[in-house]
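Visitor: Below is model-v9.txt; it holds compact mmCIF, C-alpha atoms.
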# COMPACT_ATOMS: atom_id res chain seq x y z
CA MET A 1 97.07 -198.06 -13.99
CA ALA A 2 98.29 -196.83 -10.62
CA ASP A 3 101.47 -198.18 -9.07
CA PRO A 4 100.73 -200.20 -5.89
CA SER A 5 103.89 -198.84 -4.27
CA GLN A 6 102.47 -195.32 -4.16
CA PHE A 7 99.86 -196.30 -1.57
CA PRO A 8 100.62 -196.51 2.16
CA PRO A 9 100.98 -199.96 3.76
CA GLY A 10 97.67 -201.71 4.32
CA TYR A 11 95.72 -199.28 2.13
CA LEU A 12 94.96 -201.74 -0.66
CA GLU A 13 94.09 -204.52 1.79
CA ALA A 14 91.75 -202.40 3.91
CA ASP A 15 88.18 -203.66 4.05
CA ARG A 16 85.39 -202.33 6.26
CA SER A 17 82.58 -204.48 4.95
CA ARG A 18 82.48 -206.69 8.06
CA PRO A 19 80.50 -204.20 10.22
CA ALA A 20 78.06 -203.80 7.34
CA TYR A 21 77.56 -207.59 7.16
CA ILE A 22 76.87 -207.73 10.90
CA GLY A 23 74.44 -204.81 10.78
CA ILE A 24 72.54 -206.25 7.82
CA ILE A 25 72.13 -209.70 9.38
CA PHE A 26 71.20 -208.33 12.81
CA SER A 27 68.58 -205.84 11.62
CA THR A 28 66.91 -208.26 9.22
CA SER A 29 66.86 -211.06 11.80
CA LEU A 30 65.40 -208.73 14.44
CA SER A 31 62.58 -207.69 12.13
CA LEU A 32 61.86 -211.37 11.40
CA VAL A 33 61.45 -212.09 15.13
CA VAL A 34 59.13 -209.10 15.50
CA VAL A 35 56.98 -210.22 12.55
CA LEU A 36 56.69 -213.75 13.95
CA VAL A 37 55.57 -212.36 17.32
CA ARG A 38 53.11 -210.11 15.52
CA LEU A 39 51.60 -213.02 13.61
CA TYR A 40 51.28 -215.06 16.81
CA ALA A 41 49.44 -212.21 18.52
CA ARG A 42 47.13 -211.62 15.58
CA LYS A 43 46.39 -215.32 15.01
CA PHE A 44 46.05 -216.68 18.54
CA LEU A 45 45.22 -213.66 20.73
CA VAL A 46 43.23 -211.32 18.50
CA ARG A 47 42.16 -214.19 16.22
CA GLU A 48 41.99 -211.89 13.23
CA ILE A 49 44.49 -211.58 10.37
CA GLY A 50 44.18 -208.37 8.36
CA TRP A 51 45.54 -207.02 5.10
CA ASP A 52 48.18 -205.10 7.04
CA ASP A 53 49.53 -208.42 8.33
CA TYR A 54 49.67 -209.92 4.84
CA PHE A 55 51.55 -206.91 3.49
CA ILE A 56 54.03 -206.88 6.37
CA VAL A 57 54.75 -210.58 5.78
CA MET A 58 55.41 -209.84 2.11
CA ALA A 59 57.65 -206.95 3.15
CA GLN A 60 59.60 -209.26 5.46
CA LEU A 61 60.05 -211.86 2.73
CA VAL A 62 61.25 -209.24 0.26
CA SER A 63 63.60 -207.85 2.94
CA TRP A 64 65.48 -211.13 2.85
CA ALA A 65 65.95 -210.63 -0.88
CA THR A 66 67.15 -207.09 -0.18
CA MET A 67 69.57 -208.44 2.42
CA SER A 68 70.98 -210.99 -0.03
CA LEU A 69 71.44 -208.37 -2.73
CA CYS A 70 73.18 -206.02 -0.31
CA MET A 71 75.56 -208.81 0.62
CA MET A 72 76.38 -209.34 -3.05
CA ILE A 73 77.33 -205.65 -3.33
CA LEU A 74 79.64 -206.05 -0.34
CA HIS A 75 81.05 -209.26 -1.77
CA TYR A 76 82.07 -207.53 -4.99
CA GLY A 77 83.94 -204.68 -3.39
CA SER A 78 81.80 -202.26 -1.42
CA GLY A 79 83.80 -201.39 1.68
CA ARG A 80 87.15 -201.52 -0.11
CA HIS A 81 89.10 -198.69 -1.72
CA LEU A 82 88.32 -198.06 -5.37
CA ALA A 83 92.03 -198.11 -6.26
CA ALA A 84 92.37 -201.62 -4.82
CA LEU A 85 89.49 -202.89 -6.93
CA MET A 86 90.87 -201.25 -10.07
CA LEU A 87 94.24 -202.91 -9.50
CA GLU A 88 93.13 -206.35 -8.35
CA SER A 89 89.79 -207.10 -10.02
CA PRO A 90 88.22 -204.39 -12.18
CA GLU A 91 85.60 -206.90 -13.33
CA ASP A 92 84.25 -206.94 -9.77
CA LEU A 93 83.27 -203.31 -10.21
CA VAL A 94 81.06 -204.30 -13.14
CA HIS A 95 79.35 -206.97 -11.03
CA MET A 96 78.98 -204.59 -8.08
CA TYR A 97 77.18 -201.93 -10.13
CA LYS A 98 74.88 -204.53 -11.67
CA TRP A 99 73.93 -205.80 -8.21
CA LEU A 100 73.55 -202.20 -7.05
CA PHE A 101 70.98 -201.50 -9.76
CA THR A 102 69.00 -204.64 -8.88
CA THR A 103 69.15 -203.81 -5.16
CA GLN A 104 67.80 -200.31 -5.76
CA MET A 105 64.77 -201.67 -7.61
CA VAL A 106 63.97 -204.32 -4.98
CA TYR A 107 64.58 -201.86 -2.13
CA MET A 108 62.00 -199.41 -3.49
CA PHE A 109 59.42 -202.18 -3.82
CA ASN A 110 60.22 -203.32 -0.27
CA LEU A 111 59.56 -199.85 1.11
CA TRP A 112 56.30 -199.59 -0.83
CA LEU A 113 55.05 -202.82 0.78
CA CYS A 114 55.84 -201.44 4.25
CA ARG A 115 53.97 -198.23 3.53
CA VAL A 116 50.90 -200.05 2.20
CA SER A 117 50.89 -202.23 5.32
CA GLY A 118 50.86 -199.10 7.46
CA LEU A 119 47.94 -197.60 5.56
CA ALA A 120 46.01 -200.89 5.78
CA PHE A 121 46.52 -200.93 9.55
CA TYR A 122 45.27 -197.36 9.94
CA ALA A 123 42.20 -198.21 7.82
CA ARG A 124 41.42 -201.19 10.06
CA ILE A 125 41.54 -199.29 13.34
CA ASN A 126 39.77 -196.16 12.07
CA PRO A 127 37.16 -196.94 9.37
CA MET A 128 35.58 -193.47 9.46
CA PRO A 129 34.83 -192.23 5.90
CA GLN A 130 36.82 -189.01 6.27
CA PHE A 131 39.89 -190.90 7.46
CA ILE A 132 39.54 -193.55 4.74
CA LEU A 133 39.51 -190.77 2.14
CA TYR A 134 42.72 -189.40 3.61
CA LEU A 135 44.28 -192.88 3.50
CA ARG A 136 43.29 -193.31 -0.14
CA LEU A 137 44.96 -190.04 -1.01
CA SER A 138 48.02 -191.18 0.94
CA PHE A 139 48.05 -194.46 -0.99
CA ALA A 140 47.93 -192.55 -4.28
CA PHE A 141 50.82 -190.38 -3.09
CA ILE A 142 53.12 -193.21 -1.97
CA THR A 143 52.37 -195.20 -5.13
CA SER A 144 53.17 -192.17 -7.29
CA VAL A 145 56.43 -191.72 -5.39
CA TYR A 146 57.26 -195.41 -5.86
CA VAL A 147 56.71 -195.13 -9.62
CA ALA A 148 58.80 -191.94 -9.77
CA GLN A 149 61.67 -193.52 -7.82
CA THR A 150 61.59 -196.61 -10.05
CA LEU A 151 61.76 -194.47 -13.18
CA ILE A 152 64.67 -192.43 -11.79
CA ILE A 153 66.62 -195.62 -11.09
CA ALA A 154 65.73 -197.30 -14.38
CA LEU A 155 66.61 -194.20 -16.43
CA GLN A 156 69.68 -193.06 -14.52
CA CYS A 157 71.78 -194.02 -17.51
CA ILE A 158 70.73 -194.21 -21.15
CA PRO A 159 71.57 -196.84 -22.19
CA LEU A 160 71.57 -198.53 -18.77
CA GLN A 161 74.73 -200.47 -19.62
CA ALA A 162 76.68 -197.22 -19.35
CA MET A 163 76.19 -197.43 -15.59
CA TRP A 164 78.77 -200.22 -15.28
CA ASP A 165 80.57 -200.23 -18.65
CA GLN A 166 82.72 -197.15 -19.25
CA THR A 167 83.33 -198.17 -22.86
CA VAL A 168 79.65 -197.60 -23.67
CA LYS A 169 78.79 -194.06 -24.69
CA GLY A 170 75.71 -192.77 -22.94
CA LYS A 171 74.25 -190.12 -20.67
CA CYS A 172 73.95 -190.62 -16.92
CA MET A 173 72.30 -188.48 -14.26
CA GLY A 174 75.10 -189.05 -11.81
CA SER A 175 74.96 -190.93 -8.54
CA GLY A 176 74.40 -187.72 -6.57
CA ILE A 177 71.16 -186.87 -8.36
CA VAL A 178 69.86 -190.45 -8.15
CA PHE A 179 70.67 -191.01 -4.47
CA ILE A 180 69.59 -187.61 -3.17
CA SER A 181 66.32 -187.42 -5.14
CA THR A 182 65.18 -190.95 -4.26
CA GLY A 183 66.33 -190.52 -0.66
CA ALA A 184 64.40 -187.27 -0.19
CA LEU A 185 61.22 -188.87 -1.54
CA THR A 186 61.74 -191.83 0.80
CA ILE A 187 61.98 -189.56 3.85
CA ALA A 188 58.78 -187.77 2.80
CA CYS A 189 56.84 -191.04 2.48
CA ASP A 190 58.23 -192.54 5.68
CA SER A 191 57.31 -189.39 7.58
CA LEU A 192 53.75 -189.62 6.23
CA ILE A 193 53.27 -193.27 7.22
CA LEU A 194 55.20 -193.55 10.48
CA LEU A 195 54.35 -190.15 11.95
CA LEU A 196 50.64 -190.35 11.14
CA PRO A 197 49.74 -191.99 14.50
CA ILE A 198 51.47 -189.29 16.57
CA LYS A 199 48.15 -187.60 17.31
CA ILE A 200 46.74 -190.96 18.45
CA VAL A 201 49.70 -191.53 20.77
CA MET A 202 49.39 -188.07 22.31
CA THR A 203 45.74 -188.72 23.22
CA LEU A 204 46.48 -192.03 24.97
CA GLN A 205 45.74 -192.32 28.67
CA ALA A 206 49.36 -193.06 29.48
CA SER A 207 52.30 -191.51 31.29
CA ILE A 208 54.52 -188.95 29.59
CA THR A 209 57.43 -191.41 29.73
CA ARG A 210 55.45 -194.07 27.89
CA LYS A 211 54.26 -191.60 25.27
CA ILE A 212 57.82 -190.42 24.66
CA ALA A 213 58.98 -194.04 24.31
CA LEU A 214 56.27 -194.79 21.74
CA LEU A 215 57.03 -191.63 19.78
CA GLY A 216 60.73 -192.44 19.86
CA ILE A 217 60.18 -195.86 18.31
CA LEU A 218 57.91 -194.41 15.61
CA CYS A 219 60.39 -191.65 14.82
CA PHE A 220 63.23 -194.19 14.65
CA GLY A 221 61.80 -195.47 11.38
CA VAL A 222 62.17 -191.99 9.94
CA LEU A 223 65.58 -191.42 11.51
CA THR A 224 67.01 -194.49 9.76
CA SER A 225 65.99 -192.91 6.45
CA VAL A 226 67.78 -189.72 7.50
CA PHE A 227 70.91 -191.65 8.50
CA ARG A 228 70.88 -193.46 5.16
CA MET A 229 70.58 -190.11 3.39
CA ILE A 230 73.57 -188.75 5.33
CA SER A 231 75.67 -191.80 4.45
CA MET A 232 74.73 -191.37 0.78
CA ILE A 233 75.77 -187.71 0.85
CA VAL A 234 79.16 -188.70 2.30
CA SER A 235 79.56 -191.31 -0.44
CA VAL A 236 78.67 -188.83 -3.19
CA GLU A 237 81.05 -186.19 -1.82
CA ASN A 238 83.86 -188.77 -1.94
CA GLU A 239 83.01 -190.15 -5.36
CA ALA A 240 86.70 -190.64 -6.19
CA ASP A 241 86.69 -193.45 -3.60
CA ALA A 242 82.96 -194.18 -3.56
CA THR A 243 83.28 -197.92 -2.90
CA TRP A 244 85.07 -197.26 0.41
CA TYR A 245 82.29 -194.99 1.67
CA PHE A 246 79.42 -197.02 0.24
CA SER A 247 79.34 -199.86 2.78
CA PRO A 248 77.50 -197.74 5.42
CA VAL A 249 74.88 -196.94 2.78
CA ILE A 250 74.34 -200.66 2.24
CA ALA A 251 74.00 -201.29 5.98
CA TRP A 252 71.51 -198.43 6.44
CA THR A 253 69.49 -199.69 3.48
CA CYS A 254 68.61 -202.92 5.28
CA ALA A 255 68.30 -201.15 8.63
CA GLU A 256 65.74 -198.76 7.15
CA ILE A 257 63.56 -201.62 5.93
CA SER A 258 63.81 -203.44 9.26
CA ALA A 259 63.05 -200.30 11.27
CA ALA A 260 59.92 -199.67 9.21
CA ILE A 261 58.72 -203.25 9.73
CA ILE A 262 59.36 -203.07 13.49
CA ALA A 263 57.68 -199.68 13.90
CA LEU A 264 54.60 -200.86 12.01
CA SER A 265 54.40 -203.98 14.20
CA LEU A 266 54.32 -202.11 17.52
CA PRO A 267 50.54 -202.45 18.06
CA ALA A 268 50.77 -206.25 17.87
CA LEU A 269 53.70 -206.29 20.31
CA ARG A 270 51.63 -204.21 22.72
CA THR A 271 48.98 -206.95 22.57
CA ILE A 272 51.56 -209.58 23.56
CA PHE A 273 52.86 -207.52 26.48
CA GLY A 274 49.32 -206.77 27.65
CA PHE A 275 48.42 -210.46 27.54
CA LEU A 276 51.51 -211.50 29.52
CA LYS A 277 50.96 -208.78 32.11
CA GLU A 278 47.32 -209.76 32.59
CA LYS A 279 48.18 -213.44 32.83
CA ARG A 280 50.74 -212.75 35.54
CA THR A 281 48.37 -210.46 37.46
CA THR A 282 45.56 -213.01 37.27
CA ARG A 283 47.81 -215.80 38.52
CA ASP A 284 49.16 -213.75 41.41
CA GLN A 285 45.80 -212.45 42.60
CA SER A 286 43.37 -215.24 41.72
CA TYR A 287 43.04 -216.31 45.34
CA SER A 288 42.47 -213.87 48.19
CA HIS A 289 42.85 -215.28 51.72
CA GLY A 290 41.64 -214.02 55.07
CA SER A 291 37.92 -213.65 54.24
CA GLU A 292 35.15 -215.88 53.01
CA SER A 293 35.38 -214.87 49.36
CA ILE A 294 37.48 -215.85 46.40
CA GLY A 295 37.41 -213.43 43.44
CA LEU A 296 38.62 -214.10 39.94
CA GLU A 297 38.79 -211.10 37.66
CA SER A 298 40.91 -210.28 34.61
CA SER A 299 42.05 -206.94 35.99
CA GLY A 300 43.44 -208.58 39.12
CA ARG A 301 41.35 -206.37 41.44
CA ARG A 302 39.22 -207.92 44.14
CA THR A 303 35.62 -206.88 43.84
CA ASN A 304 32.14 -207.94 44.76
CA LYS A 305 30.56 -206.79 41.51
CA GLY A 306 30.57 -208.31 38.07
CA ARG A 307 30.05 -206.10 35.02
CA ILE A 308 27.88 -207.52 32.28
CA PHE A 309 27.57 -206.06 28.78
CA HIS A 310 24.95 -207.31 26.37
CA GLY A 311 22.95 -206.37 23.31
CA SER A 312 23.74 -204.13 20.36
CA GLY A 313 23.34 -201.01 22.47
CA VAL A 314 25.98 -202.18 24.95
CA PHE A 315 23.87 -201.56 28.09
CA GLU A 316 25.55 -202.04 31.45
CA ASN A 317 24.15 -203.93 34.45
CA THR A 318 25.78 -204.85 37.73
CA ALA A 319 25.40 -208.10 39.61
CA GLU A 320 25.92 -208.09 43.37
CA VAL A 321 27.84 -210.94 44.96
CA ASP A 322 26.96 -212.27 48.38
CA ALA A 323 30.11 -211.64 50.43
CA ALA A 324 29.10 -214.32 52.89
CA ARG A 325 29.46 -216.93 50.21
CA SER A 326 32.47 -218.07 48.17
CA PRO A 327 31.65 -217.22 44.60
CA SER A 328 33.67 -218.33 41.61
CA GLN A 329 33.54 -216.04 38.60
CA GLU A 330 34.58 -217.21 35.17
CA VAL A 331 34.78 -215.02 32.08
CA LEU A 332 33.35 -217.10 29.27
CA TRP A 333 34.85 -215.06 26.41
CA ASP A 334 37.09 -212.04 26.43
CA GLY A 335 37.91 -210.16 23.25
CA ARG A 336 39.76 -207.32 24.96
CA TYR A 337 42.55 -207.48 22.42
CA ASP A 338 40.20 -206.93 19.52
CA ARG A 339 39.07 -203.47 18.46
CA LYS A 340 35.40 -204.53 18.37
CA ILE A 341 32.86 -204.25 21.20
CA ARG A 342 33.39 -206.93 23.86
CA VAL A 343 30.61 -209.16 25.10
CA THR A 344 31.30 -210.89 28.41
CA ASP A 345 29.27 -212.92 30.82
CA THR A 346 29.82 -213.97 34.39
CA VAL A 347 28.99 -217.26 36.06
CA GLU A 348 28.62 -217.28 39.82
CA VAL A 349 28.74 -220.50 41.83
CA LYS A 350 27.20 -220.27 45.28
Re-express the file's structure as C-alpha cells.

Guide:
Amino acid sequence: MADPSQFPPGYLEADRSRPAYIGIIFSTSLSLVVVLVRLYARKFLVREIGWDDYFIVMAQLVSWATMSLCMMILHYGSGRHLAALMLESPEDLVHMYKWLFTTQMVYMFNLWLCRVSGLAFYARINPMPQFILYLRLSFAFITSVYVAQTLIIALQCIPLQAMWDQTVKGKCMGSGIVFISTGALTIACDSLILLLPIKIVMTLQASITRKIALLGILCFGVLTSVFRMISMIVSVENEADATWYFSPVIAWTCAEISAAIIALSLPALRTIFGFLKEKRTTRDQSYSHGSESIGLESSGRRTNKGRIFHGSGVFENTAEVDAARSPSQEVLWDGRYDRKIRVTDTVEVK
C-alpha cells in the first residue's frame, strides 16, 4: 500500500465530481422540461399523440434511472484519485464498478429508446412506402447495434465478477476496447437518426440563419456523443488514475441522452412557438381602424377575401367581402399544426 506522505498536499482530498453532479442534474432536468412542452403541444395543439411521443416519454423516464446510476458512480469515487480510494476505501471501488456495469446496460437501452422515437417520428411525417422501407432497415440496424453493444458490455469479463474483484481469475477485454467499440457504434447510430432530417431542413422555405440554427441543434446530439468518446479516450489513456478522469465521462453520458431527447423534440417546440407567434399577431391586428371594415384572420394580414377549402380534392374558392360593410370573420376549426389537410370555413356577419 502506498504511503500517504509521498503525495503532494491536497492530492488525496481532491474531488472533481461536483461539476459532474451539476451537469447531470441540469441536462436531465432540461430534457424533462422539453418533453413536458412537447406533450402539451401534441395533446392540446395538435391533438394527436403518436408512437414517437410514447417512446420519448419512456426515454425520459429511463434517463432519470440513468441519472441516478451515474450519481451512484460519482458517490463511490469517480472524480477522485485512484490512490486515494485505494488508501481510504478500497471497497468503494468494488461498488463503483458494479454500478458502472449497471449504468452501461441502462444507458444503451436509453439510447435505443431515443432512436426508435426518432424513427417513429419520421414514419409519421413521411408515410411513403419507399421511406418506410428505409426506416425499417434503419430500425433493424439500430436494434442490431443495441444487441451488439449489450453483448460487449455483458461479456467484457468472463466471469463478470472479474471486472470488480481482482482476486477472481478471468479474462477481460479491457476498458479501452469496451468504451471505444461501444462509443463508435453509438456515434454511427446517432448520426443516422439525428442527421436524417438534414435534407428536409435544407429544403425548408426559411432564411439561411434559421436553417443553420436548426442544423446546429440537430448536430449537437451527435457532438455530445463525440465529446463523450473524447472523454473516454482520455480516461483510457490515463488508466493508472482512471477514476480521476472518469467523472467527465459520467457527465457526458447523461448529457448525450438529454441532447438526443431535446433534438428529437424540436418539431413539437416549433409548434409551440408558432402558436404563440400567431396568437400575438392575431391579438395585435384583430382590429383595424380608420376604415369601415374589421378583419380577423389567423395570419394577421388585413384582407377582403376569405379562402375556403372543402372536399376530398381540396378545391379552392374565394369569397368577396363587401368593403362598405363591417364583416366579422371567424375560423371555425384550424388544424394548421397537424400534418393532415386542413378544412376551414368562414362566417361573415353583415

Visitor: May I have the residues within 12 Å of Ser89 (chain A) as number ranges by chain, using all atoms listed in the file and disregarding those fewer than 6 positions away in the same chain?

Guide: A: 12, 76-77, 80-83, 95-96

Visitor: Near Thr253 (chain A), within 9 Å and counting only C-alpha atoms, which residues show up once chain neighbours fewer than 4 positions away are dropped, as an MDAnalysis selection string?

Guide: chainID A and resid 24 66:67 70 107 224:225 228 248:249 257:258

Visitor: Mind pulling up the distance from CA of Trp64 (chain A) to CA of Leu155 (chain A)?

Guide: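 Atom-to-atom, CA of Leu155 (chain A) and CA of Trp64 (chain A) are spaced 25.7 Å apart.
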
Visitor: What's around Phe141 (chain A) at 12 Å? Count all atoms listed in the file, leave out sequence neighbours fewer than 2 positions away in its own chain, and write the answer as a PDB file with C-alpha atoms, keeping the file's coordinate frame.

Guide:
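What landed in part.pdb:
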ATOM      1  CA  TRP A 112      56.300-199.590  -0.830  1.00  0.00           C
ATOM      2  CA  ARG A 115      53.970-198.230   3.530  1.00  0.00           C
ATOM      3  CA  VAL A 116      50.900-200.050   2.200  1.00  0.00           C
ATOM      4  CA  LEU A 119      47.940-197.600   5.560  1.00  0.00           C
ATOM      5  CA  TYR A 134      42.720-189.400   3.610  1.00  0.00           C
ATOM      6  CA  LEU A 135      44.280-192.880   3.500  1.00  0.00           C
ATOM      7  CA  ARG A 136      43.290-193.310  -0.140  1.00  0.00           C
ATOM      8  CA  LEU A 137      44.960-190.040  -1.010  1.00  0.00           C
ATOM      9  CA  SER A 138      48.020-191.180   0.940  1.00  0.00           C
ATOM     10  CA  PHE A 139      48.050-194.460  -0.990  1.00  0.00           C
ATOM     11  CA  THR A 143      52.370-195.200  -5.130  1.00  0.00           C
ATOM     12  CA  SER A 144      53.170-192.170  -7.290  1.00  0.00           C
ATOM     13  CA  VAL A 145      56.430-191.720  -5.390  1.00  0.00           C
ATOM     14  CA  TYR A 146      57.260-195.410  -5.860  1.00  0.00           C
ATOM     15  CA  VAL A 147      56.710-195.130  -9.620  1.00  0.00           C
ATOM     16  CA  ALA A 148      58.800-191.940  -9.770  1.00  0.00           C
ATOM     17  CA  LEU A 185      61.220-188.870  -1.540  1.00  0.00           C
ATOM     18  CA  THR A 186      61.740-191.830   0.800  1.00  0.00           C
ATOM     19  CA  ALA A 188      58.780-187.770   2.800  1.00  0.00           C
ATOM     20  CA  CYS A 189      56.840-191.040   2.480  1.00  0.00           C
ATOM     21  CA  ASP A 190      58.230-192.540   5.680  1.00  0.00           C
ATOM     22  CA  LEU A 192      53.750-189.620   6.230  1.00  0.00           C
ATOM     23  CA  ILE A 193      53.270-193.270   7.220  1.00  0.00           C
TER      24      ILE A 193
END

Visitor: State, in Å with one decimal place, the distance from CA of Trp244 (chain A) to CA of Gly79 (chain A).

Guide: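 Answer for the CA of Trp244 (chain A) to CA of Gly79 (chain A) separation: 4.5 Å.
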
Visitor: How many Å lie between CA of Ser29 (chain A) and CA of Ile198 (chain A), rounded to one decimal?

Guide: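 Those two atoms sit 27.1 Å apart.
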
Visitor: List as a ChimeraX atom specification the protein and nucleic acid residues near Thr103 (chain A), meaning an atom at most 12 Å away when only C-alpha atoms are counted, but skip any in the same chain fewer than 3 places from it.

Guide: /A:62-74,96-100,106-110,150,153-154,249-250,253-254

Visitor: Of the candidates A:Arg47, A:Leu93, A:Pro267, A:Leu195, which shows the shortest atom-to-atom distance to Ile125 (chain A), using only C-alpha atoms?

Guide: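 Closest to Ile125 (chain A) of all the choices is A:Pro267.
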
Visitor: Restricting the calculation to only C-alpha atoms: of A:Val236, A:Ile177, A:Ala251, A:Ala259, which residue gets closest to Gly216 (chain A)?

Guide: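 Closest candidate: A:Ala259.
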
Visitor: I need the residue nearest Leu113 (chain A) from this list: A:Thr167, A:Thr182, A:Ile261, A:Met232. Use all atoms listed in the file for the distance.

Guide: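 Checking each candidate against Leu113 (chain A), we get A:Ile261 as the closest.
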
Visitor: Find the residues around Ser175 (chain A) up to 9 Å (only C-alpha atoms counted), leave out those fewer than 5 positions away in its own chain, and share them as JSON, numbers by chain.

Guide: {"A": [156, 180, 236, 239]}

Visitor: Go ahead and save the picked residues with C-alpha atoms, as a tab-separated table (two decimals), keeping the file's coordinate frame.

Guide:
chain	number	residue	atom	x	y	z
A	156	GLN	CA	69.68	-193.06	-14.52
A	180	ILE	CA	69.59	-187.61	-3.17
A	236	VAL	CA	78.67	-188.83	-3.19
A	239	GLU	CA	83.01	-190.15	-5.36

Visitor: N, CA and C atoms are what I want for region 145-159 of chain A; can you complete it accordingly and write them as an mmCIF file, in the coordinates of the input?

Guide:
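Listed below is the output, selection_37.cif:
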data_model
loop_
_atom_site.group_PDB
_atom_site.id
_atom_site.type_symbol
_atom_site.label_atom_id
_atom_site.label_comp_id
_atom_site.auth_asym_id
_atom_site.auth_seq_id
_atom_site.Cartn_x
_atom_site.Cartn_y
_atom_site.Cartn_z
ATOM 1 N N VAL A 145 55.018 -191.858 -5.756
ATOM 2 C CA VAL A 145 56.430 -191.720 -5.390
ATOM 3 C C VAL A 145 57.204 -192.976 -5.759
ATOM 4 N N TYR A 146 56.606 -194.143 -5.509
ATOM 5 C CA TYR A 146 57.260 -195.410 -5.860
ATOM 6 C C TYR A 146 57.527 -195.489 -7.362
ATOM 7 N N VAL A 147 56.541 -195.118 -8.165
ATOM 8 C CA VAL A 147 56.710 -195.130 -9.620
ATOM 9 C C VAL A 147 57.801 -194.143 -10.035
ATOM 10 N N ALA A 148 57.797 -192.950 -9.432
ATOM 11 C CA ALA A 148 58.800 -191.940 -9.770
ATOM 12 C C ALA A 148 60.208 -192.415 -9.414
ATOM 13 N N GLN A 149 60.360 -193.022 -8.235
ATOM 14 C CA GLN A 149 61.670 -193.520 -7.820
ATOM 15 C C GLN A 149 62.151 -194.640 -8.748
ATOM 16 N N THR A 150 61.232 -195.514 -9.138
ATOM 17 C CA THR A 150 61.590 -196.610 -10.050
ATOM 18 C C THR A 150 62.055 -196.066 -11.393
ATOM 19 N N LEU A 151 61.375 -195.061 -11.899
ATOM 20 C CA LEU A 151 61.760 -194.470 -13.180
ATOM 21 C C LEU A 151 63.124 -193.774 -13.080
ATOM 22 N N ILE A 152 63.370 -193.092 -11.970
ATOM 23 C CA ILE A 152 64.670 -192.430 -11.790
ATOM 24 C C ILE A 152 65.798 -193.450 -11.815
ATOM 25 N N ILE A 153 65.590 -194.576 -11.133
ATOM 26 C CA ILE A 153 66.620 -195.620 -11.090
ATOM 27 C C ILE A 153 66.788 -196.273 -12.453
ATOM 28 N N ALA A 154 65.670 -196.592 -13.099
ATOM 29 C CA ALA A 154 65.730 -197.300 -14.380
ATOM 30 C C ALA A 154 66.328 -196.432 -15.484
ATOM 31 N N LEU A 155 66.152 -195.111 -15.377
ATOM 32 C CA LEU A 155 66.610 -194.200 -16.430
ATOM 33 C C LEU A 155 67.827 -193.388 -16.007
ATOM 34 N N GLN A 156 68.531 -193.831 -14.974
ATOM 35 C CA GLN A 156 69.680 -193.060 -14.520
ATOM 36 C C GLN A 156 70.797 -193.027 -15.546
ATOM 37 N N CYS A 157 70.843 -194.019 -16.391
ATOM 38 C CA CYS A 157 71.780 -194.020 -17.510
ATOM 39 C C CYS A 157 71.062 -194.492 -18.772
ATOM 40 N N ILE A 158 71.310 -193.817 -19.862
ATOM 41 C CA ILE A 158 70.730 -194.210 -21.150
ATOM 42 C C ILE A 158 71.879 -194.348 -22.154
ATOM 43 N N PRO A 159 72.179 -195.575 -22.621
ATOM 44 C CA PRO A 159 71.570 -196.840 -22.190
ATOM 45 C C PRO A 159 72.026 -197.229 -20.784
#
